Protein chains: 2
Amino acid sequence: MNTGEDRSGTGAGAERPELSCPVPLPPGDRIQLGHGGGGRLTAALIRDHLLPAFGDPELARLADAATLEVPGGRLAFTTDAFVVQPIVFPGGDIGSLAVYGTVNDLAMMGARPLALAVALILEEGLELGTFDRVVASMATAARRAGVRLVAGDTKVVERGAADGCYVTTTGIGVVPPGVEVGPERGRPGDAVLCSGPIGVHGVAVMSRRAGIGFDTDLHSDAAPLHDLVAAGLAAGGVHALRDPTRGGLAAACNELAQASGVSIVLREDALDVPGPVAAACEMLGLDPLHVAGEGICVALVAPEDADRVLAAWRAHPSGRRAARIGEVRAGPPAVWLRTGLGVHRPVQVPTGEALPRIC
Amino acid sequence: MNTGEDRSGTGAGAERPELSCPVPLPPGDRIQLGHGGGGRLTAALIRDHLLPAFGDPELARLADAATLEVPGGRLAFTTDAFVVQPIVFPGGDIGSLAVYGTVNDLAMMGARPLALAVALILEEGLELGTFDRVVASMATAARRAGVRLVAGDTKVVERGAADGCYVTTTGIGVVPPGVEVGPERGRPGDAVLCSGPIGVHGVAVMSRRAGIGFDTDLHSDAAPLHDLVAAGLAAGGVHALRDPTRGGLAAACNELAQASGVSIVLREDALDVPGPVAAACEMLGLDPLHVAGEGICVALVAPEDADRVLAAWRAHPSGRRAARIGEVRAGPPAVWLRTGLGVHRPVQVPTGEALPRIC
C-alpha cells in the first residue's frame, strides 16, 4: 500500500479539515442539550470539566470501556442511582454521596473497593458551576475512599426532564480470600452492632428540602466505611453487614432478618439517635428508625467476637460512637424493639412514601 | 447466651409483628414514589417484577453487592446512561438498547461480557405495563448476549422529574489473554472495516419521535456484537474497535483518529447507507455519518488481515453486510470522505444538538 501517494491525494484541492479536537464550551454557563449528543460539545465537557477533575489515565484514554488488572478470585459488583433532592445539602452533595454510597455497598460484602464508573444524567440548563461542584466533590470523595474513577458516561435531557442531575455510580471491589460475609449469614446468638448514630443523613437532606426546610446543625454523615469494615473483619467473626440507607435501620435489620431467617431484637436504650434527629422526626412525624444514614453500618457478629469488633470500630474515626444495639434470636424473620419499659414492639419496614429521594 | 429465655421474653405480651415480607403492589397499575423509597413497596417491586424477569440467583440474594468469581487478568468495565426518547421504538426499547449498548462497549475492548448491573430511575406514574415490558426486554437481551444480570437499583422521582424511565447499565467483561485492542492502536496502512449499514438505530428512533415522526420500515439495529468481535479477533490483526453510536460514524472515526494520532479516509462509495436512512436524513437535514447505529462496529485492521476479518464478520449474522470502507493514513488526526468525484471532504464531528436522546 502506498500511503505517500494517497496522502498527497488527500491534501490536493481540499482545505485541511478543522481538527476534530473539541471546541471550547460556548458562551454561557449552563449545560446544553448538545453536551449529551456525543459530538464536539460532549468532548469539550469531558476534556474541560471531567478529565481534569478525575485525572485517571484509564479514564483519559476515552476507550469504550476501561480495562483493569485484577487478581483472580471474588469480585463484588454493585450499582446505585442517586436522585437526592436537593443535590447540594449540608455535609455533601449528590457527587460525594454517590461515591460513598457505592463504596459502602462494596464494603458491606467485605470487599476492598477497586474502581468506580459514573453515569451522569444532566438537565439542560444545569449551572456549570453546580456541575463542577458535583464533579469536584466526586473526585475528592473517590480520593478519600482510595478508589479509582475509571469509566463514565454523560447524557443530557431537556429542561424539565430531570431535576438538575442524577448520578449512577457502579463499583467493583475485591473480596479478600477468606472473607465470607453476606446478609444470609446471621445466626441466632449474634450480637447486633451499629457503627454510629442513626438518621443523620436523612435529616440533613430534609432540612434543606423545599417546602419542609428547617434549621439544624446536622451535616450528612456520608463517609466511606471500607476501612472500618476491614478493621472489624480483622477483629473477628463478622457474619453480615448492611448500611442503613433508604428505609433506615428498620429496613436494614428487616432485610438481614429475612435473608438470614432469624429474628432481631434491638434495645431502644442502646440506639444512638442524636437530639436534632429526634427533634426533626418528631416535627415531621417520622420514626428515626426509618431515616437513612450514609456513614454507618450494622453488623451481625458472633457473640464471642463482638467486643473485639466493637473495639476495632471505636478505634476508627467513623466508628467512635459504635455500640452493641441488640441481638439475633432464632425465630421467624422479624425485628423487635425492646423499649425502656421492657415491652417489645415490632419494627416495621416503612412503606417508602414518607422519605423519597433521600439518596 | 440463653436464646430460649430471650425468645419467650420477646413473645410475651406482644403481638407477633407483621412479617416484614413485601406486601403486594397496591391497586393501580402505575409506579408510585414509594416504589423507590427502599421500603415495602420497593421490596414488592423487586420481588414481583424484577426478580422473576431476571432470575439470577446472585441478584435474588439481594445483598448490597453481587459477588462473582473471576479469573485473574484484565477486566473491562464500562457504564452507560440511556435516556432514549421514546422509550419504546421500532425494533426495541430502552431496556434492550441498554443491555446491547453496554455489551458492545465491552466488546469494543475485545472483552467477553461477564455481568451487568442495572440502575433504573423511574418517573412516578410510569405504567407498570411499560415497566414490565422494559424489564422483560432487558432480560431477553441479556440472555441473547449470554451475560448475567447480577446487580441493580431502582429509584423513583416525582411526576415530571424524569421522562418515563432512564436506565443505566454497567458491565464487566474479561479481556482474553493476548487480546490487545484499543482506540489508540490504529496504525497508518490499517484497513477501516464497518460491520453493517449505518444510521439505522437513529432513524428508527426518530421516526417515532413526537413532533418529527415519519413512516419508515426501519427497525433499530441494536444487537450484541461480542461474538462478531470475537470472530474478527480470531481472524487476525484487529487493532482498534469502536461502535458508531452517538455521533455516528463521523464521531467514531474521529475519536479513533484522535486516539491513534492518524488520519482516516473513508470511501463514500463503500458506505452502506440504507435507502430509508438516506431519505430520512434528507428530510431532516442530517448527515447519515452523524446518525447512530447500535448493532455495528468499525475496526482498524492490519491490511494483511483485513480480508480474513471481513470474511469472519460476513459469516456472522450481524455482519453479513460488512465492508471495507476506508483506510488509515499517517498525518494529523482527521477524517476525510473521498467522494465519487475523487474529492476529499472533511468529516466533522457533529456538535451534538441535532440528535439528542437517541440512546
# chains A, B, ... in the order shown; residues from 1 in each chain; ligands from 1
$ select_by_dssp --residues "segment 176-254 of chain B" --states "strand (DSSP E)" --output "NGL selection string"
:B and (191-194 or 238-242)
$ write_last_selection --atoms "N, CA, C and O atoms" --output "PDB file, in the first residue's frame"
ATOM      1  N   ALA B 191      -6.636  -1.089   7.371  1.00  0.00           N
ATOM      2  CA  ALA B 191      -7.925  -1.001   6.679  1.00  0.00           C
ATOM      3  C   ALA B 191      -8.991  -0.597   7.690  1.00  0.00           C
ATOM      4  O   ALA B 191      -8.907  -0.931   8.871  1.00  0.00           O
ATOM      5  N   VAL B 192      -9.982   0.158   7.206  1.00  0.00           N
ATOM      6  CA  VAL B 192     -11.127   0.512   8.039  1.00  0.00           C
ATOM      7  C   VAL B 192     -12.297  -0.355   7.600  1.00  0.00           C
ATOM      8  O   VAL B 192     -12.715  -0.300   6.443  1.00  0.00           O
ATOM      9  N   LEU B 193     -12.785  -1.181   8.526  1.00  0.00           N
ATOM     10  CA  LEU B 193     -13.923  -2.047   8.221  1.00  0.00           C
ATOM     11  C   LEU B 193     -15.151  -1.573   8.984  1.00  0.00           C
ATOM     12  O   LEU B 193     -15.040  -1.064  10.091  1.00  0.00           O
ATOM     13  N   CYS B 194     -16.308  -1.749   8.381  1.00  0.00           N
ATOM     14  CA  CYS B 194     -17.555  -1.469   9.089  1.00  0.00           C
ATOM     15  C   CYS B 194     -18.438  -2.711   8.947  1.00  0.00           C
ATOM     16  O   CYS B 194     -18.561  -3.283   7.863  1.00  0.00           O
ATOM     17  N   VAL B 238      -6.770  -7.197  14.415  1.00  0.00           N
ATOM     18  CA  VAL B 238      -7.662  -6.079  14.738  1.00  0.00           C
ATOM     19  C   VAL B 238      -6.957  -5.188  15.755  1.00  0.00           C
ATOM     20  O   VAL B 238      -6.600  -5.643  16.840  1.00  0.00           O
ATOM     21  N   HIS B 239      -6.755  -3.928  15.388  1.00  0.00           N
ATOM     22  CA  HIS B 239      -6.038  -3.013  16.284  1.00  0.00           C
ATOM     23  C   HIS B 239      -6.978  -2.194  17.155  1.00  0.00           C
ATOM     24  O   HIS B 239      -6.707  -1.964  18.332  1.00  0.00           O
ATOM     25  N   ALA B 240      -8.056  -1.708  16.570  1.00  0.00           N
ATOM     26  CA  ALA B 240      -8.953  -0.804  17.305  1.00  0.00           C
ATOM     27  C   ALA B 240     -10.382  -1.054  16.854  1.00  0.00           C
ATOM     28  O   ALA B 240     -10.634  -1.380  15.698  1.00  0.00           O
ATOM     29  N   LEU B 241     -11.297  -0.887  17.799  1.00  0.00           N
ATOM     30  CA  LEU B 241     -12.718  -1.072  17.514  1.00  0.00           C
ATOM     31  C   LEU B 241     -13.502   0.089  18.104  1.00  0.00           C
ATOM     32  O   LEU B 241     -13.143   0.626  19.149  1.00  0.00           O
ATOM     33  N   ARG B 242     -14.591   0.452  17.460  1.00  0.00           N
ATOM     34  CA  ARG B 242     -15.474   1.479  18.023  1.00  0.00           C
ATOM     35  C   ARG B 242     -16.863   1.229  17.474  1.00  0.00           C
ATOM     36  O   ARG B 242     -17.011   0.924  16.281  1.00  0.00           O
TER      37      ARG B 242
END
$ residues_around --residues "Phe131 of chain A" --least-positions-apart "6" --cutoff "10 Å" --atoms "only C-alpha atoms" --output "ChimeraX atom specification"
/A:30-31,49-50,95,122,137,164-165
$ write_last_selection --atoms "N, CA and C atoms" --output "PDB file, in the first residue's frame"
ATOM      1  N   ARG A  30     -24.235  27.250  31.363  1.00  0.00           N
ATOM      2  CA  ARG A  30     -25.201  26.201  31.669  1.00  0.00           C
ATOM      3  C   ARG A  30     -25.050  25.023  30.728  1.00  0.00           C
ATOM      4  N   ILE A  31     -25.461  23.865  31.217  1.00  0.00           N
ATOM      5  CA  ILE A  31     -25.457  22.662  30.396  1.00  0.00           C
ATOM      6  C   ILE A  31     -26.484  22.813  29.279  1.00  0.00           C
ATOM      7  N   HIS A  49     -13.985  19.633  31.833  1.00  0.00           N
ATOM      8  CA  HIS A  49     -14.622  19.568  33.147  1.00  0.00           C
ATOM      9  C   HIS A  49     -14.466  18.220  33.849  1.00  0.00           C
ATOM     10  N   LEU A  50     -14.458  17.137  33.096  1.00  0.00           N
ATOM     11  CA  LEU A  50     -14.431  15.828  33.758  1.00  0.00           C
ATOM     12  C   LEU A  50     -13.008  15.284  33.918  1.00  0.00           C
ATOM     13  N   GLY A  95     -22.703  14.166  44.433  1.00  0.00           N
ATOM     14  CA  GLY A  95     -21.455  13.551  43.966  1.00  0.00           C
ATOM     15  C   GLY A  95     -20.759  12.750  45.050  1.00  0.00           C
ATOM     16  N   LEU A 122     -27.821  14.778  33.070  1.00  0.00           N
ATOM     17  CA  LEU A 122     -27.879  16.203  33.392  1.00  0.00           C
ATOM     18  C   LEU A 122     -29.110  16.820  32.758  1.00  0.00           C
ATOM     19  N   SER A 137     -16.517  17.249  43.920  1.00  0.00           N
ATOM     20  CA  SER A 137     -16.845  16.551  45.145  1.00  0.00           C
ATOM     21  C   SER A 137     -16.733  15.036  44.955  1.00  0.00           C
ATOM     22  N   GLY A 164     -32.051  18.702  37.778  1.00  0.00           N
ATOM     23  CA  GLY A 164     -30.672  19.122  37.999  1.00  0.00           C
ATOM     24  C   GLY A 164     -29.734  18.053  37.481  1.00  0.00           C
ATOM     25  N   CYS A 165     -29.492  17.046  38.284  1.00  0.00           N
ATOM     26  CA  CYS A 165     -28.723  15.917  37.774  1.00  0.00           C
ATOM     27  C   CYS A 165     -28.979  14.674  38.595  1.00  0.00           C
TER      28      CYS A 165
END
$ residues_around --residues "Val157 of chain A" --least-positions-apart "3" --cutoff "9 Å" --atoms "only C-alpha atoms" --output "ChimeraX atom specification"
/A:32-33,36,121-124,160-162 /B:83,162-163,356-357
$ write_last_selection --atoms "N, CA, C and O atoms" --output "PDB file, in the first residue's frame"
ATOM      1  N   GLN A  32     -26.058  22.420  28.069  1.00  0.00           N
ATOM      2  CA  GLN A  32     -26.954  22.447  26.913  1.00  0.00           C
ATOM      3  C   GLN A  32     -27.212  21.014  26.440  1.00  0.00           C
ATOM      4  O   GLN A  32     -26.434  20.116  26.727  1.00  0.00           O
ATOM      5  N   LEU A  33     -28.273  20.865  25.672  1.00  0.00           N
ATOM      6  CA  LEU A  33     -28.586  19.533  25.148  1.00  0.00           C
ATOM      7  C   LEU A  33     -27.407  18.924  24.395  1.00  0.00           C
ATOM      8  O   LEU A  33     -27.147  17.731  24.489  1.00  0.00           O
ATOM      9  N   GLY A  36     -24.772  16.428  25.605  1.00  0.00           N
ATOM     10  CA  GLY A  36     -25.026  14.999  25.717  1.00  0.00           C
ATOM     11  C   GLY A  36     -25.121  14.299  24.385  1.00  0.00           C
ATOM     12  O   GLY A  36     -25.445  13.117  24.329  1.00  0.00           O
ATOM     13  N   ILE A 121     -26.740  11.928  34.351  1.00  0.00           N
ATOM     14  CA  ILE A 121     -27.860  12.414  33.545  1.00  0.00           C
ATOM     15  C   ILE A 121     -28.097  13.851  33.980  1.00  0.00           C
ATOM     16  O   ILE A 121     -28.457  14.115  35.128  1.00  0.00           O
ATOM     17  N   LEU A 122     -27.821  14.778  33.070  1.00  0.00           N
ATOM     18  CA  LEU A 122     -27.879  16.203  33.392  1.00  0.00           C
ATOM     19  C   LEU A 122     -29.110  16.820  32.758  1.00  0.00           C
ATOM     20  O   LEU A 122     -29.514  16.449  31.664  1.00  0.00           O
ATOM     21  N   GLU A 123     -29.655  17.801  33.457  1.00  0.00           N
ATOM     22  CA  GLU A 123     -30.789  18.533  32.904  1.00  0.00           C
ATOM     23  C   GLU A 123     -30.264  19.754  32.155  1.00  0.00           C
ATOM     24  O   GLU A 123     -29.410  20.489  32.674  1.00  0.00           O
ATOM     25  N   GLU A 124     -30.783  19.945  30.954  1.00  0.00           N
ATOM     26  CA  GLU A 124     -30.474  21.161  30.198  1.00  0.00           C
ATOM     27  C   GLU A 124     -30.713  22.366  31.109  1.00  0.00           C
ATOM     28  O   GLU A 124     -31.747  22.448  31.772  1.00  0.00           O
ATOM     29  N   GLY A 160     -36.660  20.262  32.394  1.00  0.00           N
ATOM     30  CA  GLY A 160     -37.897  19.685  32.908  1.00  0.00           C
ATOM     31  C   GLY A 160     -37.929  18.170  32.866  1.00  0.00           C
ATOM     32  O   GLY A 160     -38.821  17.560  33.441  1.00  0.00           O
ATOM     33  N   ALA A 161     -36.944  17.539  32.199  1.00  0.00           N
ATOM     34  CA  ALA A 161     -36.971  16.078  32.089  1.00  0.00           C
ATOM     35  C   ALA A 161     -36.022  15.409  33.090  1.00  0.00           C
ATOM     36  O   ALA A 161     -35.813  14.197  33.042  1.00  0.00           O
ATOM     37  N   ALA A 162     -35.440  16.211  33.971  1.00  0.00           N
ATOM     38  CA  ALA A 162     -34.670  15.674  35.104  1.00  0.00           C
ATOM     39  C   ALA A 162     -34.685  16.773  36.152  1.00  0.00           C
ATOM     40  O   ALA A 162     -35.290  17.830  35.948  1.00  0.00           O
TER      41      ALA A 162
ATOM     42  N   VAL B  83     -31.172   7.409  27.896  1.00  0.00           N
ATOM     43  CA  VAL B  83     -32.270   8.366  28.080  1.00  0.00           C
ATOM     44  C   VAL B  83     -33.067   8.468  26.787  1.00  0.00           C
ATOM     45  O   VAL B  83     -33.708   9.483  26.519  1.00  0.00           O
ATOM     46  N   ALA B 162     -38.637  13.048  35.495  1.00  0.00           N
ATOM     47  CA  ALA B 162     -37.925  12.157  34.571  1.00  0.00           C
ATOM     48  C   ALA B 162     -38.865  11.982  33.390  1.00  0.00           C
ATOM     49  O   ALA B 162     -39.955  12.557  33.371  1.00  0.00           O
ATOM     50  N   ASP B 163     -38.483  11.178  32.430  1.00  0.00           N
ATOM     51  CA  ASP B 163     -39.249  11.082  31.198  1.00  0.00           C
ATOM     52  C   ASP B 163     -39.609   9.622  30.982  1.00  0.00           C
ATOM     53  O   ASP B 163     -39.100   8.983  30.080  1.00  0.00           O
ATOM     54  N   PRO B 356     -30.366  14.734  19.932  1.00  0.00           N
ATOM     55  CA  PRO B 356     -30.332  14.398  21.353  1.00  0.00           C
ATOM     56  C   PRO B 356     -31.156  13.148  21.646  1.00  0.00           C
ATOM     57  O   PRO B 356     -32.070  12.795  20.896  1.00  0.00           O
ATOM     58  N   ARG B 357     -30.812  12.469  22.704  1.00  0.00           N
ATOM     59  CA  ARG B 357     -31.594  11.376  23.292  1.00  0.00           C
ATOM     60  C   ARG B 357     -31.911  10.255  22.317  1.00  0.00           C
ATOM     61  O   ARG B 357     -33.016   9.756  22.246  1.00  0.00           O
TER      62      ARG B 357
END
$ atom_distance --atom1 "atom CA of Ala111 of chain A" --atom2 "atom CA of Gly178 of chain A"
11.2 Å
$ select_by_dssp --residues "segment 104-321 of chain A" --states "helix (DSSP H, G or I)" --output "number ranges by chain"
A: 104-107, 128-145, 183-185, 200-206, 226-235, 248-260, 268-270, 275-284, 288-290, 303-314, 317-319
$ atom_distance --atom1 "atom CA of Val273 of chain A" --atom2 "atom CA of Ala98 of chain A"
24.1 Å
$ residues_around --residues "Val150 of chain A" --least-positions-apart "6" --cutoff "7 Å" --atoms "only C-alpha atoms" --output "ChimeraX atom specification"
/A:56,58-59,66,115-117
$ residues_around --residues "Ala323 of chain B" --least-positions-apart "6" --cutoff "10 Å" --atoms "only C-alpha atoms" --output "PyMOL selection string"
chain B and resi 192-197+270-272+298+306-307+310-311+313-314
$ closest_residue --among "B:Gly248, B:Gly293, B:Gly202, B:Pro86" --to "chain A" --atoms "only C-alpha atoms"
B:Gly248
$ closest_residue --among "B:Val200, B:Leu68, B:Ile296, B:Ala315" --to "chain A" --atoms "only C-alpha atoms"
B:Leu68
$ closest_residue --among "A:Ala299, A:Leu355, A:Leu114, A:Ala53" --to "chain B" --atoms "only C-alpha atoms"
A:Leu355
$ closest_residue --among "A:Gly237, A:Gly211, A:Gly285, A:Gly342" --to "Leu266 of chain A" --atoms "only C-alpha atoms"
A:Gly342
$ residues_around --residues "segment 39-44 of chain A" --least-positions-apart "5" --cutoff "10 Å" --atoms "only C-alpha atoms" --output "PDB file with N, CA and C atoms, in the first residue's frame"
ATOM      1  N   SER A  20     -10.390  17.693  14.683  1.00  0.00           N
ATOM      2  CA  SER A  20     -11.606  17.247  15.341  1.00  0.00           C
ATOM      3  C   SER A  20     -11.497  17.353  16.864  1.00  0.00           C
ATOM      4  N   CYS A  21     -10.491  18.080  17.354  1.00  0.00           N
ATOM      5  CA  CYS A  21     -10.405  18.233  18.802  1.00  0.00           C
ATOM      6  C   CYS A  21     -11.571  19.103  19.257  1.00  0.00           C
ATOM      7  N   PRO A  22     -11.959  18.955  20.510  1.00  0.00           N
ATOM      8  CA  PRO A  22     -13.164  19.637  20.968  1.00  0.00           C
ATOM      9  C   PRO A  22     -13.032  21.160  20.919  1.00  0.00           C
ATOM     10  N   VAL A  23     -14.125  21.808  20.626  1.00  0.00           N
ATOM     11  CA  VAL A  23     -14.157  23.274  20.713  1.00  0.00           C
ATOM     12  C   VAL A  23     -14.386  23.649  22.166  1.00  0.00           C
ATOM     13  N   PRO A  24     -13.997  24.879  22.541  1.00  0.00           N
ATOM     14  CA  PRO A  24     -14.259  25.294  23.925  1.00  0.00           C
ATOM     15  C   PRO A  24     -15.766  25.359  24.156  1.00  0.00           C
ATOM     16  N   LEU A  25     -16.166  25.299  25.411  1.00  0.00           N
ATOM     17  CA  LEU A  25     -17.584  25.465  25.713  1.00  0.00           C
ATOM     18  C   LEU A  25     -18.023  26.830  25.216  1.00  0.00           C
ATOM     19  N   PRO A  26     -19.169  26.902  24.605  1.00  0.00           N
ATOM     20  CA  PRO A  26     -19.648  28.182  24.090  1.00  0.00           C
ATOM     21  C   PRO A  26     -20.004  29.108  25.251  1.00  0.00           C
ATOM     22  N   ILE A  31     -25.461  23.865  31.217  1.00  0.00           N
ATOM     23  CA  ILE A  31     -25.457  22.662  30.396  1.00  0.00           C
ATOM     24  C   ILE A  31     -26.484  22.813  29.279  1.00  0.00           C
ATOM     25  N   GLN A  32     -26.058  22.420  28.069  1.00  0.00           N
ATOM     26  CA  GLN A  32     -26.954  22.447  26.913  1.00  0.00           C
ATOM     27  C   GLN A  32     -27.212  21.014  26.440  1.00  0.00           C
ATOM     28  N   LEU A  33     -28.273  20.865  25.672  1.00  0.00           N
ATOM     29  CA  LEU A  33     -28.586  19.533  25.148  1.00  0.00           C
ATOM     30  C   LEU A  33     -27.407  18.924  24.395  1.00  0.00           C
ATOM     31  N   GLY A  34     -26.701  19.755  23.651  1.00  0.00           N
ATOM     32  CA  GLY A  34     -25.594  19.268  22.842  1.00  0.00           C
ATOM     33  C   GLY A  34     -24.477  18.640  23.662  1.00  0.00           C
ATOM     34  N   HIS A  49     -13.985  19.633  31.833  1.00  0.00           N
ATOM     35  CA  HIS A  49     -14.622  19.568  33.147  1.00  0.00           C
ATOM     36  C   HIS A  49     -14.466  18.220  33.849  1.00  0.00           C
ATOM     37  N   LEU A  50     -14.458  17.137  33.096  1.00  0.00           N
ATOM     38  CA  LEU A  50     -14.431  15.828  33.758  1.00  0.00           C
ATOM     39  C   LEU A  50     -13.008  15.284  33.918  1.00  0.00           C
ATOM     40  N   LEU A  62     -10.285   7.383  27.143  1.00  0.00           N
ATOM     41  CA  LEU A  62     -11.547   7.548  26.418  1.00  0.00           C
ATOM     42  C   LEU A  62     -11.850   6.367  25.509  1.00  0.00           C
ATOM     43  N   ASP A 153     -20.028   8.150  31.700  1.00  0.00           N
ATOM     44  CA  ASP A 153     -20.902   8.474  30.577  1.00  0.00           C
ATOM     45  C   ASP A 153     -21.721   9.693  30.987  1.00  0.00           C
ATOM     46  N   THR A 154     -22.007  10.545  30.027  1.00  0.00           N
ATOM     47  CA  THR A 154     -22.775  11.757  30.326  1.00  0.00           C
ATOM     48  C   THR A 154     -23.889  11.910  29.310  1.00  0.00           C
ATOM     49  N   LYS A 155     -25.097  12.064  29.784  1.00  0.00           N
ATOM     50  CA  LYS A 155     -26.234  12.336  28.913  1.00  0.00           C
ATOM     51  C   LYS A 155     -26.910  13.607  29.391  1.00  0.00           C
ATOM     52  N   VAL A 156     -27.604  14.264  28.467  1.00  0.00           N
ATOM     53  CA  VAL A 156     -28.338  15.479  28.815  1.00  0.00           C
ATOM     54  C   VAL A 156     -29.778  15.317  28.350  1.00  0.00           C
TER      55      VAL A 156
ATOM     56  N   ARG B 246     -23.791   7.333  19.511  1.00  0.00           N
ATOM     57  CA  ARG B 246     -23.963   8.793  19.494  1.00  0.00           C
ATOM     58  C   ARG B 246     -22.909   9.443  18.616  1.00  0.00           C
ATOM     59  N   GLY B 247     -23.320  10.322  17.741  1.00  0.00           N
ATOM     60  CA  GLY B 247     -22.350  10.993  16.889  1.00  0.00           C
ATOM     61  C   GLY B 247     -22.038  10.214  15.610  1.00  0.00           C
ATOM     62  N   GLY B 248     -22.517   8.960  15.546  1.00  0.00           N
ATOM     63  CA  GLY B 248     -22.426   8.186  14.314  1.00  0.00           C
ATOM     64  C   GLY B 248     -21.010   7.834  13.884  1.00  0.00           C
ATOM     65  N   ALA B 250     -19.102   9.408  11.968  1.00  0.00           N
ATOM     66  CA  ALA B 250     -18.210  10.572  11.994  1.00  0.00           C
ATOM     67  C   ALA B 250     -17.509  10.682  13.342  1.00  0.00           C
ATOM     68  N   ALA B 251     -18.275  10.575  14.422  1.00  0.00           N
ATOM     69  CA  ALA B 251     -17.666  10.690  15.747  1.00  0.00           C
ATOM     70  C   ALA B 251     -16.751   9.503  16.021  1.00  0.00           C
ATOM     71  N   ALA B 252     -17.223   8.285  15.692  1.00  0.00           N
ATOM     72  CA  ALA B 252     -16.408   7.093  15.970  1.00  0.00           C
ATOM     73  C   ALA B 252     -15.060   7.185  15.264  1.00  0.00           C
ATOM     74  N   ASN B 254     -13.541   9.902  14.039  1.00  0.00           N
ATOM     75  CA  ASN B 254     -12.730  10.999  14.568  1.00  0.00           C
ATOM     76  C   ASN B 254     -12.103  10.628  15.914  1.00  0.00           C
ATOM     77  N   GLU B 255     -12.857   9.919  16.747  1.00  0.00           N
ATOM     78  CA  GLU B 255     -12.297   9.504  18.034  1.00  0.00           C
ATOM     79  C   GLU B 255     -11.137   8.530  17.841  1.00  0.00           C
ATOM     80  N   HIS B 290     -23.595  11.138  10.844  1.00  0.00           N
ATOM     81  CA  HIS B 290     -23.761  11.602  12.226  1.00  0.00           C
ATOM     82  C   HIS B 290     -24.806  10.793  12.987  1.00  0.00           C
ATOM     83  N   GLN B 348     -16.591  16.062   9.787  1.00  0.00           N
ATOM     84  CA  GLN B 348     -16.539  16.707  11.096  1.00  0.00           C
ATOM     85  C   GLN B 348     -17.334  15.916  12.125  1.00  0.00           C
ATOM     86  N   VAL B 349     -16.915  16.080  13.362  1.00  0.00           N
ATOM     87  CA  VAL B 349     -17.727  15.581  14.466  1.00  0.00           C
ATOM     88  C   VAL B 349     -18.943  16.499  14.576  1.00  0.00           C
ATOM     89  N   PRO B 350     -20.137  15.944  14.753  1.00  0.00           N
ATOM     90  CA  PRO B 350     -21.288  16.839  14.946  1.00  0.00           C
ATOM     91  C   PRO B 350     -21.115  17.619  16.248  1.00  0.00           C
ATOM     92  N   THR B 351     -21.769  18.767  16.340  1.00  0.00           N
ATOM     93  CA  THR B 351     -21.683  19.488  17.623  1.00  0.00           C
ATOM     94  C   THR B 351     -22.464  18.748  18.701  1.00  0.00           C
ATOM     95  N   GLY B 352     -23.567  18.142  18.303  1.00  0.00           N
ATOM     96  CA  GLY B 352     -24.281  17.327  19.293  1.00  0.00           C
ATOM     97  C   GLY B 352     -25.729  17.712  19.498  1.00  0.00           C
ATOM     98  N   GLU B 353     -26.130  18.919  19.048  1.00  0.00           N
ATOM     99  CA  GLU B 353     -27.500  19.326  19.329  1.00  0.00           C
ATOM    100  C   GLU B 353     -28.536  18.637  18.448  1.00  0.00           C
ATOM    101  N   ALA B 354     -28.112  18.222  17.248  1.00  0.00           N
ATOM    102  CA  ALA B 354     -29.094  17.800  16.254  1.00  0.00           C
ATOM    103  C   ALA B 354     -29.800  16.509  16.629  1.00  0.00           C
ATOM    104  N   LEU B 355     -29.148  15.674  17.394  1.00  0.00           N
ATOM    105  CA  LEU B 355     -29.686  14.340  17.638  1.00  0.00           C
ATOM    106  C   LEU B 355     -29.647  13.979  19.122  1.00  0.00           C
TER     107      LEU B 355
END
$ closest_residue --among "A:Ala65, A:Leu300, A:Val343, A:Val265" --to "Gly182 of chain B" --atoms "only C-alpha atoms"
A:Ala65
$ closest_residue --among "A:Thr339, A:Ser220, A:Thr168, A:Ser96" --to "chain B" --atoms "only C-alpha atoms"
A:Thr168
$ atom_distance --atom1 "atom CA of Pro90 of chain A" --atom2 "atom CA of Thr140 of chain A"
16.3 Å
